[in-house]
Amino acid sequence: MVGIAMSFAQIAHIYDQVNNLAAYQEWIDFTKQQVPTPPKRALDLACGTGYFSFLWAKSCQALIGIDLDPAMVKMAQKKLGQGESPLEFKVEDMTDLTFADQTFDCITCYLDSLCFLPNLDQVQACFAEVYRVLEPGGTFLFDVWTQDFLLDFFDDFINVESFDEGHLIWQSQVDFDQVQVTHDLTVYEGQGNSYQRSQTSLQERTYPLDDYLAALLAVGFNIDKISVWPDFQDSQPQSDTSRWVFVVHK
């Protein structure tokens with residue numbers, strides 16, 4: 001897990017500038033729809049720089065955002081105002097949480113964050129920890145890429161994003177056998193003719209829908225309390241469905 005933290009650390013300071021923050025509203029709207037009663041204590045896994053956490057915290061009595069990468073958590077903490085707040089950020093491994101059993105009534109893990117775990121065993125380890133710290137009747141919401149979308153969309157993908165003091169070049173290569181994508185990110189920062197270059201690589205991997213369901217059942221969740229929403233819709237999946245969005249009740 002340390003490698004993932006170090007990879008994101010290279011882009012933590014520009015993450016919000018090159019991210020599509022407007023898209024987070026879709027996750028917020030869906031979460032409010034599925035969890036209409038304000039959670040007493042919520043947990044946001046893989047919170048990154050905290051943008052979703054801040055939005056969701058407005059509907060929660062208390063919320064903790066966790067991320068494995070100290071640099072991302074530091075950026076999130078910088079956004080907190082002075083004085084008491086119902087929101088806090090901590091460095092935690094979502095496959096080995098330090099919280100007591102049945103601590104939270106709502107847990108989220110969005111923006112394909114589970115796809116950055118290296119294998120299905122680690123995904124199941126995360127599910128086991130979620131089951132442990134989620135109270136009976138609580139809700140777990142997460143999303144992952146579909147295999148078809150990951151392979152099609154990121155095959156020879158390239159994108160250039162500009163931010164205040166530089167540019168980000170994002171290139172992706174797909175491993176079709178492993179259903180895995182490697183994102184190579186090159187950042188140029190500076191002004192005029194003077195730029196500093198840094199690079200990092202991130203990997204994502206996803207699995208068949210049945211594998212995610214089996215992993216949830218293996219840790220104790222009930223199939224009758226699991227629903228899957230293709231691209232947030234209450235409908236049948238389409239050929240271009242990009243995400244499986246799960247709503248899981250304990």
# chains A, B, ... in the order shown; residues from 1 in each chain; ligands from 1
$ closest_atom_pairs --of "stretch 189-247 of chain A" --to "stretch 130-141 of chain A" --cutoff "10 Å" --atoms "only C-alpha atoms" --output "Markdown table"
| residue | atom | partner | partner_atom | distance |
| --- | --- | --- | --- | --- |
| A:Leu216 | CA | A:Tyr131 | CA | 8.8 |
| A:Val219 | CA | A:Tyr131 | CA | 7.0 |
| A:Gly220 | CA | A:Tyr131 | CA | 7.1 |
| A:Phe221 | CA | A:Tyr131 | CA | 7.4 |
| A:Lys225 | CA | A:Thr139 | CA | 9.6 |
| A:Ile226 | CA | A:Phe140 | CA | 9.5 |
| A:Ser227 | CA | A:Leu141 | CA | 9.9 |
| A:Val228 | CA | A:Leu141 | CA | 9.9 |
| A:Val245 | CA | A:Leu141 | CA | 7.4 |
| A:Phe246 | CA | A:Leu141 | CA | 5.5 |
| A:Val247 | CA | A:Leu141 | CA | 4.8 |
$ write_last_selection --atoms "N, CA, C and O atoms" --output "compact mmCIF listing (two decimals), in the first residue's frame"
# COMPACT_ATOMS: atom_id res chain seq x y z
N LEU A 216 -18.37 -9.21 -1.18
CA LEU A 216 -19.26 -8.64 -0.17
C LEU A 216 -19.93 -9.73 0.66
O LEU A 216 -20.01 -9.64 1.90
N VAL A 219 -17.73 -11.52 3.41
CA VAL A 219 -17.42 -10.86 4.69
C VAL A 219 -18.65 -10.70 5.57
O VAL A 219 -18.55 -10.19 6.69
N GLY A 220 -19.84 -11.12 5.06
CA GLY A 220 -21.01 -11.10 5.91
C GLY A 220 -22.22 -10.34 5.41
O GLY A 220 -23.30 -10.44 6.01
N PHE A 221 -22.08 -9.55 4.34
CA PHE A 221 -23.23 -8.82 3.81
C PHE A 221 -24.23 -9.79 3.19
O PHE A 221 -23.86 -10.88 2.74
N LYS A 225 -29.68 -7.34 0.52
CA LYS A 225 -29.49 -5.95 0.95
C LYS A 225 -28.43 -5.23 0.10
O LYS A 225 -27.88 -4.22 0.52
N ILE A 226 -28.18 -5.80 -1.07
CA ILE A 226 -27.21 -5.19 -2.00
C ILE A 226 -27.94 -4.81 -3.28
O ILE A 226 -28.64 -5.63 -3.88
N SER A 227 -27.79 -3.57 -3.71
CA SER A 227 -28.32 -3.15 -5.01
C SER A 227 -27.21 -2.50 -5.81
O SER A 227 -26.29 -1.89 -5.26
N VAL A 228 -27.28 -2.67 -7.13
CA VAL A 228 -26.26 -2.13 -8.04
C VAL A 228 -26.94 -1.19 -9.02
O VAL A 228 -27.92 -1.56 -9.67
N VAL A 245 -22.33 1.22 -9.38
CA VAL A 245 -22.48 1.95 -8.12
C VAL A 245 -23.27 1.05 -7.18
O VAL A 245 -24.40 0.66 -7.46
N PHE A 246 -22.66 0.72 -6.04
CA PHE A 246 -23.24 -0.22 -5.08
C PHE A 246 -23.84 0.50 -3.91
O PHE A 246 -23.25 1.46 -3.38
N VAL A 247 -25.01 0.03 -3.48
CA VAL A 247 -25.62 0.46 -2.22
C VAL A 247 -25.81 -0.79 -1.39
O VAL A 247 -26.55 -1.71 -1.77
$ select_by_dssp --residues "stretch 80-242 of chain A" --states "helix (DSSP H, G or I)" --output "short mmCIF file (atom, residue, chain, number, x, y, z; two decimals) with all heavy atoms, in the first residue's frame"
data_model
loop_
_atom_site.label_atom_id
_atom_site.label_comp_id
_atom_site.auth_asym_id
_atom_site.auth_seq_id
_atom_site.Cartn_x
_atom_site.Cartn_y
_atom_site.Cartn_z
N SER A 113 -12.16 4.53 -6.21
CA SER A 113 -11.00 4.41 -5.32
C SER A 113 -10.62 2.96 -5.05
O SER A 113 -9.43 2.63 -4.89
CB SER A 113 -11.28 5.13 -4.00
OG SER A 113 -11.40 6.52 -4.19
N LEU A 114 -11.60 2.06 -4.99
CA LEU A 114 -11.30 0.65 -4.76
C LEU A 114 -10.47 0.04 -5.89
O LEU A 114 -9.75 -0.94 -5.69
CB LEU A 114 -12.58 -0.14 -4.57
CG LEU A 114 -13.27 -0.02 -3.20
CD1 LEU A 114 -14.68 -0.58 -3.26
CD2 LEU A 114 -12.47 -0.73 -2.13
N CYS A 115 -10.56 0.64 -7.07
CA CYS A 115 -9.81 0.11 -8.21
C CYS A 115 -8.31 0.32 -8.09
O CYS A 115 -7.54 -0.28 -8.83
CB CYS A 115 -10.33 0.74 -9.51
SG CYS A 115 -12.04 0.33 -9.91
N PHE A 116 -7.90 1.17 -7.16
CA PHE A 116 -6.47 1.38 -6.95
C PHE A 116 -5.86 0.34 -6.02
O PHE A 116 -4.63 0.30 -5.87
CB PHE A 116 -6.23 2.79 -6.40
CG PHE A 116 -6.45 3.88 -7.41
CD1 PHE A 116 -7.67 4.54 -7.48
CD2 PHE A 116 -5.46 4.23 -8.30
CE1 PHE A 116 -7.88 5.54 -8.42
CE2 PHE A 116 -5.66 5.22 -9.24
CZ PHE A 116 -6.88 5.88 -9.31
N LEU A 120 -7.92 -8.45 -5.78
CA LEU A 120 -9.25 -8.67 -5.23
C LEU A 120 -9.20 -9.03 -3.75
O LEU A 120 -10.14 -8.73 -3.00
CB LEU A 120 -9.95 -9.77 -6.02
CG LEU A 120 -11.45 -9.97 -5.76
CD1 LEU A 120 -12.24 -8.69 -6.04
CD2 LEU A 120 -12.00 -11.12 -6.62
N ASP A 121 -8.11 -9.66 -3.30
CA ASP A 121 -7.98 -9.95 -1.87
C ASP A 121 -7.98 -8.66 -1.04
O ASP A 121 -8.56 -8.62 0.04
CB ASP A 121 -6.69 -10.74 -1.60
CG ASP A 121 -6.77 -12.18 -2.08
OD1 ASP A 121 -7.89 -12.67 -2.30
OD2 ASP A 121 -5.70 -12.81 -2.24
N GLN A 122 -7.32 -7.63 -1.55
CA GLN A 122 -7.29 -6.35 -0.85
C GLN A 122 -8.66 -5.69 -0.87
O GLN A 122 -9.07 -5.04 0.10
CB GLN A 122 -6.25 -5.43 -1.48
CG GLN A 122 -4.82 -5.83 -1.19
CD GLN A 122 -4.45 -5.58 0.27
OE1 GLN A 122 -4.38 -4.44 0.72
NE2 GLN A 122 -4.23 -6.66 1.01
N VAL A 123 -9.39 -5.83 -1.97
CA VAL A 123 -10.76 -5.31 -2.03
C VAL A 123 -11.62 -5.99 -0.97
O VAL A 123 -12.36 -5.34 -0.23
CB VAL A 123 -11.36 -5.53 -3.44
CG1 VAL A 123 -12.84 -5.14 -3.45
CG2 VAL A 123 -10.60 -4.71 -4.48
N GLN A 124 -11.50 -7.32 -0.87
CA GLN A 124 -12.28 -8.04 0.13
C GLN A 124 -11.84 -7.66 1.55
O GLN A 124 -12.69 -7.58 2.46
CB GLN A 124 -12.15 -9.55 -0.07
CG GLN A 124 -13.02 -10.36 0.88
CD GLN A 124 -13.12 -11.82 0.48
OE1 GLN A 124 -13.34 -12.14 -0.69
NE2 GLN A 124 -12.97 -12.71 1.45
N ALA A 125 -10.56 -7.40 1.74
CA ALA A 125 -10.07 -6.95 3.06
C ALA A 125 -10.71 -5.62 3.43
O ALA A 125 -11.08 -5.40 4.60
CB ALA A 125 -8.55 -6.84 3.05
N CYS A 126 -10.86 -4.73 2.46
CA CYS A 126 -11.55 -3.47 2.71
C CYS A 126 -13.00 -3.71 3.07
O CYS A 126 -13.52 -3.13 4.03
CB CYS A 126 -11.45 -2.57 1.48
SG CYS A 126 -12.37 -1.01 1.63
N PHE A 127 -13.67 -4.60 2.33
CA PHE A 127 -15.08 -4.91 2.62
C PHE A 127 -15.22 -5.48 4.04
O PHE A 127 -16.19 -5.16 4.75
CB PHE A 127 -15.61 -5.92 1.61
CG PHE A 127 -15.82 -5.38 0.23
CD1 PHE A 127 -16.03 -6.24 -0.84
CD2 PHE A 127 -15.81 -4.03 -0.02
CE1 PHE A 127 -16.24 -5.76 -2.13
CE2 PHE A 127 -16.01 -3.52 -1.32
CZ PHE A 127 -16.21 -4.41 -2.36
N ALA A 128 -14.27 -6.31 4.45
CA ALA A 128 -14.32 -6.89 5.79
C ALA A 128 -14.21 -5.81 6.87
O ALA A 128 -14.92 -5.86 7.88
CB ALA A 128 -13.20 -7.92 5.96
N GLU A 129 -13.35 -4.84 6.65
CA GLU A 129 -13.21 -3.74 7.60
C GLU A 129 -14.46 -2.86 7.61
O GLU A 129 -14.90 -2.40 8.67
CB GLU A 129 -11.97 -2.91 7.27
CG GLU A 129 -10.67 -3.56 7.68
CD GLU A 129 -10.58 -3.69 9.20
OE1 GLU A 129 -11.10 -4.70 9.74
OE2 GLU A 129 -10.03 -2.78 9.85
N VAL A 130 -15.02 -2.63 6.44
CA VAL A 130 -16.27 -1.85 6.38
C VAL A 130 -17.37 -2.57 7.16
O VAL A 130 -18.09 -1.94 7.95
CB VAL A 130 -16.70 -1.64 4.91
CG1 VAL A 130 -18.14 -1.11 4.84
CG2 VAL A 130 -15.76 -0.66 4.21
N TYR A 131 -17.49 -3.87 6.94
CA TYR A 131 -18.52 -4.63 7.66
C TYR A 131 -18.31 -4.53 9.17
O TYR A 131 -19.27 -4.39 9.94
CB TYR A 131 -18.50 -6.09 7.22
CG TYR A 131 -19.65 -6.91 7.77
CD1 TYR A 131 -20.88 -6.93 7.13
CD2 TYR A 131 -19.51 -7.65 8.94
CE1 TYR A 131 -21.94 -7.67 7.63
CE2 TYR A 131 -20.56 -8.38 9.45
CZ TYR A 131 -21.78 -8.39 8.79
OH TYR A 131 -22.82 -9.11 9.31
N ARG A 132 -17.06 -4.58 9.59
CA ARG A 132 -16.75 -4.55 11.02
C ARG A 132 -17.11 -3.20 11.65
O ARG A 132 -17.70 -3.16 12.74
CB ARG A 132 -15.26 -4.84 11.24
CG ARG A 132 -14.83 -4.85 12.70
CD ARG A 132 -13.35 -5.11 12.85
NE ARG A 132 -12.52 -4.04 12.31
CZ ARG A 132 -12.27 -2.90 12.94
NH1 ARG A 132 -12.81 -2.65 14.13
NH2 ARG A 132 -11.49 -1.99 12.39
N VAL A 133 -16.78 -2.09 11.00
CA VAL A 133 -16.96 -0.77 11.62
C VAL A 133 -18.33 -0.17 11.31
O VAL A 133 -18.69 0.88 11.87
CB VAL A 133 -15.85 0.21 11.22
CG1 VAL A 133 -14.49 -0.34 11.60
CG2 VAL A 133 -15.91 0.56 9.74
N GLN A 147 -15.46 -3.44 -16.37
CA GLN A 147 -14.30 -3.92 -17.11
C GLN A 147 -14.30 -3.41 -18.56
O GLN A 147 -13.26 -2.99 -19.07
CB GLN A 147 -14.26 -5.44 -17.08
CG GLN A 147 -13.91 -6.02 -15.72
CD GLN A 147 -13.63 -7.50 -15.78
OE1 GLN A 147 -14.47 -8.29 -16.23
NE2 GLN A 147 -12.45 -7.89 -15.35
N ASP A 148 -15.44 -3.45 -19.22
CA ASP A 148 -15.50 -3.00 -20.61
C ASP A 148 -15.11 -1.53 -20.74
O ASP A 148 -14.36 -1.16 -21.65
CB ASP A 148 -16.90 -3.22 -21.19
CG ASP A 148 -17.19 -4.69 -21.46
OD1 ASP A 148 -16.24 -5.49 -21.48
OD2 ASP A 148 -18.38 -5.03 -21.63
N PHE A 149 -15.61 -0.72 -19.83
CA PHE A 149 -15.31 0.71 -19.93
C PHE A 149 -13.82 0.97 -19.68
O PHE A 149 -13.19 1.73 -20.41
CB PHE A 149 -16.14 1.51 -18.93
CG PHE A 149 -15.90 2.99 -19.01
CD1 PHE A 149 -16.58 3.75 -19.94
CD2 PHE A 149 -14.98 3.62 -18.18
CE1 PHE A 149 -16.36 5.13 -20.04
CE2 PHE A 149 -14.73 4.98 -18.27
CZ PHE A 149 -15.43 5.74 -19.20
N LEU A 150 -13.26 0.35 -18.66
CA LEU A 150 -11.85 0.58 -18.36
C LEU A 150 -10.97 0.23 -19.55
O LEU A 150 -10.06 0.98 -19.91
CB LEU A 150 -11.45 -0.23 -17.13
CG LEU A 150 -10.00 -0.05 -16.64
CD1 LEU A 150 -9.94 -0.03 -15.11
CD2 LEU A 150 -9.11 -1.17 -17.17
N LEU A 151 -11.25 -0.91 -20.20
CA LEU A 151 -10.43 -1.33 -21.32
C LEU A 151 -10.63 -0.46 -22.55
O LEU A 151 -9.68 -0.16 -23.27
CB LEU A 151 -10.73 -2.79 -21.66
CG LEU A 151 -10.37 -3.83 -20.59
CD1 LEU A 151 -10.82 -5.22 -21.02
CD2 LEU A 151 -8.87 -3.82 -20.31
N ASP A 152 -11.86 -0.04 -22.79
CA ASP A 152 -12.15 0.76 -23.99
C ASP A 152 -11.73 2.22 -23.82
O ASP A 152 -11.07 2.79 -24.70
CB ASP A 152 -13.64 0.70 -24.32
CG ASP A 152 -14.08 -0.67 -24.79
OD1 ASP A 152 -13.20 -1.47 -25.16
OD2 ASP A 152 -15.29 -0.95 -24.76
N PHE A 153 -12.08 2.82 -22.71
CA PHE A 153 -11.87 4.25 -22.54
C PHE A 153 -10.39 4.60 -22.38
O PHE A 153 -9.91 5.61 -22.91
CB PHE A 153 -12.66 4.76 -21.32
CG PHE A 153 -12.57 6.25 -21.13
CD1 PHE A 153 -13.35 7.11 -21.87
CD2 PHE A 153 -11.70 6.80 -20.19
CE1 PHE A 153 -13.28 8.48 -21.71
CE2 PHE A 153 -11.61 8.17 -20.01
CZ PHE A 153 -12.40 9.01 -20.77
N LEU A 209 -18.64 -8.04 -12.14
CA LEU A 209 -19.62 -7.68 -11.13
C LEU A 209 -19.80 -8.80 -10.11
O LEU A 209 -19.87 -8.54 -8.89
CB LEU A 209 -20.96 -7.36 -11.80
CG LEU A 209 -22.15 -7.05 -10.89
CD1 LEU A 209 -21.87 -5.83 -10.03
CD2 LEU A 209 -23.41 -6.84 -11.72
N ASP A 210 -19.84 -10.04 -10.57
CA ASP A 210 -20.05 -11.16 -9.66
C ASP A 210 -18.91 -11.29 -8.65
O ASP A 210 -19.12 -11.78 -7.53
CB ASP A 210 -20.20 -12.47 -10.45
CG ASP A 210 -21.56 -12.58 -11.13
OD1 ASP A 210 -22.45 -11.78 -10.80
OD2 ASP A 210 -21.70 -13.46 -12.01
N ASP A 211 -17.71 -10.89 -9.02
CA ASP A 211 -16.58 -10.96 -8.08
C ASP A 211 -16.76 -9.97 -6.92
O ASP A 211 -16.44 -10.29 -5.77
CB ASP A 211 -15.26 -10.67 -8.79
CG ASP A 211 -14.81 -11.83 -9.67
OD1 ASP A 211 -15.55 -12.84 -9.75
OD2 ASP A 211 -13.72 -11.73 -10.27
N TYR A 212 -17.25 -8.78 -7.23
CA TYR A 212 -17.52 -7.81 -6.16
C TYR A 212 -18.63 -8.31 -5.25
O TYR A 212 -18.54 -8.20 -4.02
CB TYR A 212 -17.90 -6.45 -6.76
CG TYR A 212 -16.74 -5.73 -7.40
CD1 TYR A 212 -16.64 -5.62 -8.78
CD2 TYR A 212 -15.74 -5.14 -6.62
CE1 TYR A 212 -15.58 -4.96 -9.37
CE2 TYR A 212 -14.67 -4.47 -7.21
CZ TYR A 212 -14.60 -4.39 -8.59
OH TYR A 212 -13.54 -3.73 -9.16
N LEU A 213 -19.67 -8.88 -5.85
CA LEU A 213 -20.77 -9.40 -5.04
C LEU A 213 -20.29 -10.55 -4.14
O LEU A 213 -20.63 -10.61 -2.96
CB LEU A 213 -21.90 -9.88 -5.95
CG LEU A 213 -22.65 -8.79 -6.72
CD1 LEU A 213 -23.61 -9.42 -7.73
CD2 LEU A 213 -23.41 -7.87 -5.77
N ALA A 214 -19.48 -11.43 -4.70
CA ALA A 214 -18.97 -12.56 -3.91
C ALA A 214 -18.10 -12.08 -2.76
O ALA A 214 -18.16 -12.64 -1.65
CB ALA A 214 -18.17 -13.50 -4.82
N ALA A 215 -17.30 -11.03 -3.00
CA ALA A 215 -16.45 -10.50 -1.94
C ALA A 215 -17.29 -9.87 -0.82
O ALA A 215 -16.96 -10.00 0.37
CB ALA A 215 -15.49 -9.47 -2.51
N LEU A 216 -18.37 -9.21 -1.18
CA LEU A 216 -19.26 -8.64 -0.17
C LEU A 216 -19.93 -9.73 0.66
O LEU A 216 -20.01 -9.64 1.90
CB LEU A 216 -20.33 -7.77 -0.84
CG LEU A 216 -19.86 -6.44 -1.43
CD1 LEU A 216 -20.92 -5.85 -2.35
CD2 LEU A 216 -19.53 -5.44 -0.31
N LEU A 217 -20.39 -10.79 -0.01
CA LEU A 217 -21.04 -11.89 0.70
C LEU A 217 -20.06 -12.63 1.61
O LEU A 217 -20.43 -13.06 2.71
CB LEU A 217 -21.66 -12.86 -0.30
CG LEU A 217 -22.76 -12.31 -1.21
CD1 LEU A 217 -23.29 -13.40 -2.13
CD2 LEU A 217 -23.90 -11.71 -0.40
N ALA A 218 -18.81 -12.72 1.18
CA ALA A 218 -17.82 -13.47 1.94
C ALA A 218 -17.53 -12.84 3.30
O ALA A 218 -17.15 -13.54 4.24
CB ALA A 218 -16.52 -13.59 1.13
N ILE A 223 -27.08 -10.74 0.32
CA ILE A 223 -27.37 -10.42 -1.08
C ILE A 223 -28.68 -9.66 -1.23
O ILE A 223 -28.84 -8.84 -2.14
CB ILE A 223 -27.40 -11.72 -1.94
CG1 ILE A 223 -27.46 -11.38 -3.43
CG2 ILE A 223 -28.54 -12.62 -1.52
CD1 ILE A 223 -26.26 -10.64 -3.97
N ASP A 224 -29.63 -9.90 -0.33
CA ASP A 224 -30.92 -9.21 -0.40
C ASP A 224 -30.81 -7.74 -0.03
O ASP A 224 -31.76 -6.97 -0.23
CB ASP A 224 -31.93 -9.89 0.52
CG ASP A 224 -32.27 -11.31 0.08
OD1 ASP A 224 -32.21 -11.57 -1.15
OD2 ASP A 224 -32.59 -12.15 0.93
N LYS A 225 -29.68 -7.34 0.52
CA LYS A 225 -29.49 -5.95 0.95
C LYS A 225 -28.43 -5.23 0.10
O LYS A 225 -27.88 -4.22 0.52
CB LYS A 225 -29.12 -5.90 2.43
CG LYS A 225 -30.21 -6.42 3.35
CD LYS A 225 -29.83 -6.28 4.82
CE LYS A 225 -30.97 -6.77 5.72
NZ LYS A 225 -30.63 -6.61 7.16
#
$ residues_around --residues "A:Glu88" --least-positions-apart "4" --cutoff "8 Å" --atoms "only C-alpha atoms" --output "short mmCIF file (atom, residue, chain, number, x, y, z; two decimals) with all heavy atoms, in the first residue's frame"
data_model
loop_
_atom_site.label_atom_id
_atom_site.label_comp_id
_atom_site.auth_asym_id
_atom_site.auth_seq_id
_atom_site.Cartn_x
_atom_site.Cartn_y
_atom_site.Cartn_z
N LEU A 63 -18.32 13.58 10.41
CA LEU A 63 -17.75 12.81 9.31
C LEU A 63 -16.23 12.77 9.47
O LEU A 63 -15.60 13.79 9.77
CB LEU A 63 -18.12 13.41 7.95
CG LEU A 63 -17.70 12.62 6.71
CD1 LEU A 63 -18.72 12.77 5.59
CD2 LEU A 63 -16.32 13.04 6.21
N ILE A 64 -15.66 11.60 9.25
CA ILE A 64 -14.22 11.43 9.21
C ILE A 64 -13.83 11.02 7.80
O ILE A 64 -14.38 10.07 7.24
CB ILE A 64 -13.73 10.37 10.21
CG1 ILE A 64 -14.07 10.79 11.64
CG2 ILE A 64 -12.23 10.14 10.07
CD1 ILE A 64 -13.70 9.74 12.69
N GLY A 65 -12.90 11.74 7.20
CA GLY A 65 -12.35 11.36 5.91
C GLY A 65 -10.97 10.76 6.11
O GLY A 65 -10.14 11.32 6.84
N GLN A 77 -6.72 18.76 5.23
CA GLN A 77 -6.70 19.43 6.53
C GLN A 77 -6.51 20.93 6.40
O GLN A 77 -7.02 21.71 7.20
CB GLN A 77 -5.61 18.82 7.41
CG GLN A 77 -5.91 17.41 7.86
CD GLN A 77 -4.74 16.74 8.54
OE1 GLN A 77 -3.57 17.09 8.31
NE2 GLN A 77 -5.01 15.74 9.37
#
$ closest_residue --among "A:Phe163, A:Trp170, A:Phe89, A:Trp27" --to "A:Thr49" --atoms "only C-alpha atoms"
A:Phe89
$ select_by_dssp --residues "stretch 16-185 of chain A" --states "strand (DSSP E)" --output "ChimeraX atom specification"
/A:42-44,63-67,87-91,104-109,134-145,157-163,166-175,180-185
$ closest_residue --among "A:Thr37, A:Gln61, A:Ser242, A:Thr200" --to "A:Leu111" --atoms "only C-alpha atoms"
A:Ser242
$ closest_residue --among "A:Phe232, A:Tyr207, A:Phe99, A:Tyr51" --to "A:Leu117" --atoms "only C-alpha atoms"
A:Tyr207
$ closest_residue --among "A:Ser201, A:Gln196, A:Gln233, A:Thr95" --to "A:Gln173" --atoms "only C-alpha atoms"
A:Ser201
$ atom_distance --atom1 "atom CA of A:Asn193" --atom2 "atom CA of A:Leu168"
16.2 Å
$ atom_distance --atom1 "atom CA of A:Lys32" --atom2 "atom CA of A:Ala62"
15.2 Å
$ closest_residue --among "A:Ser162, A:Ser59, A:Thr103, A:Ser194" --to "A:Leu87" --atoms "only C-alpha atoms"
A:Ser59
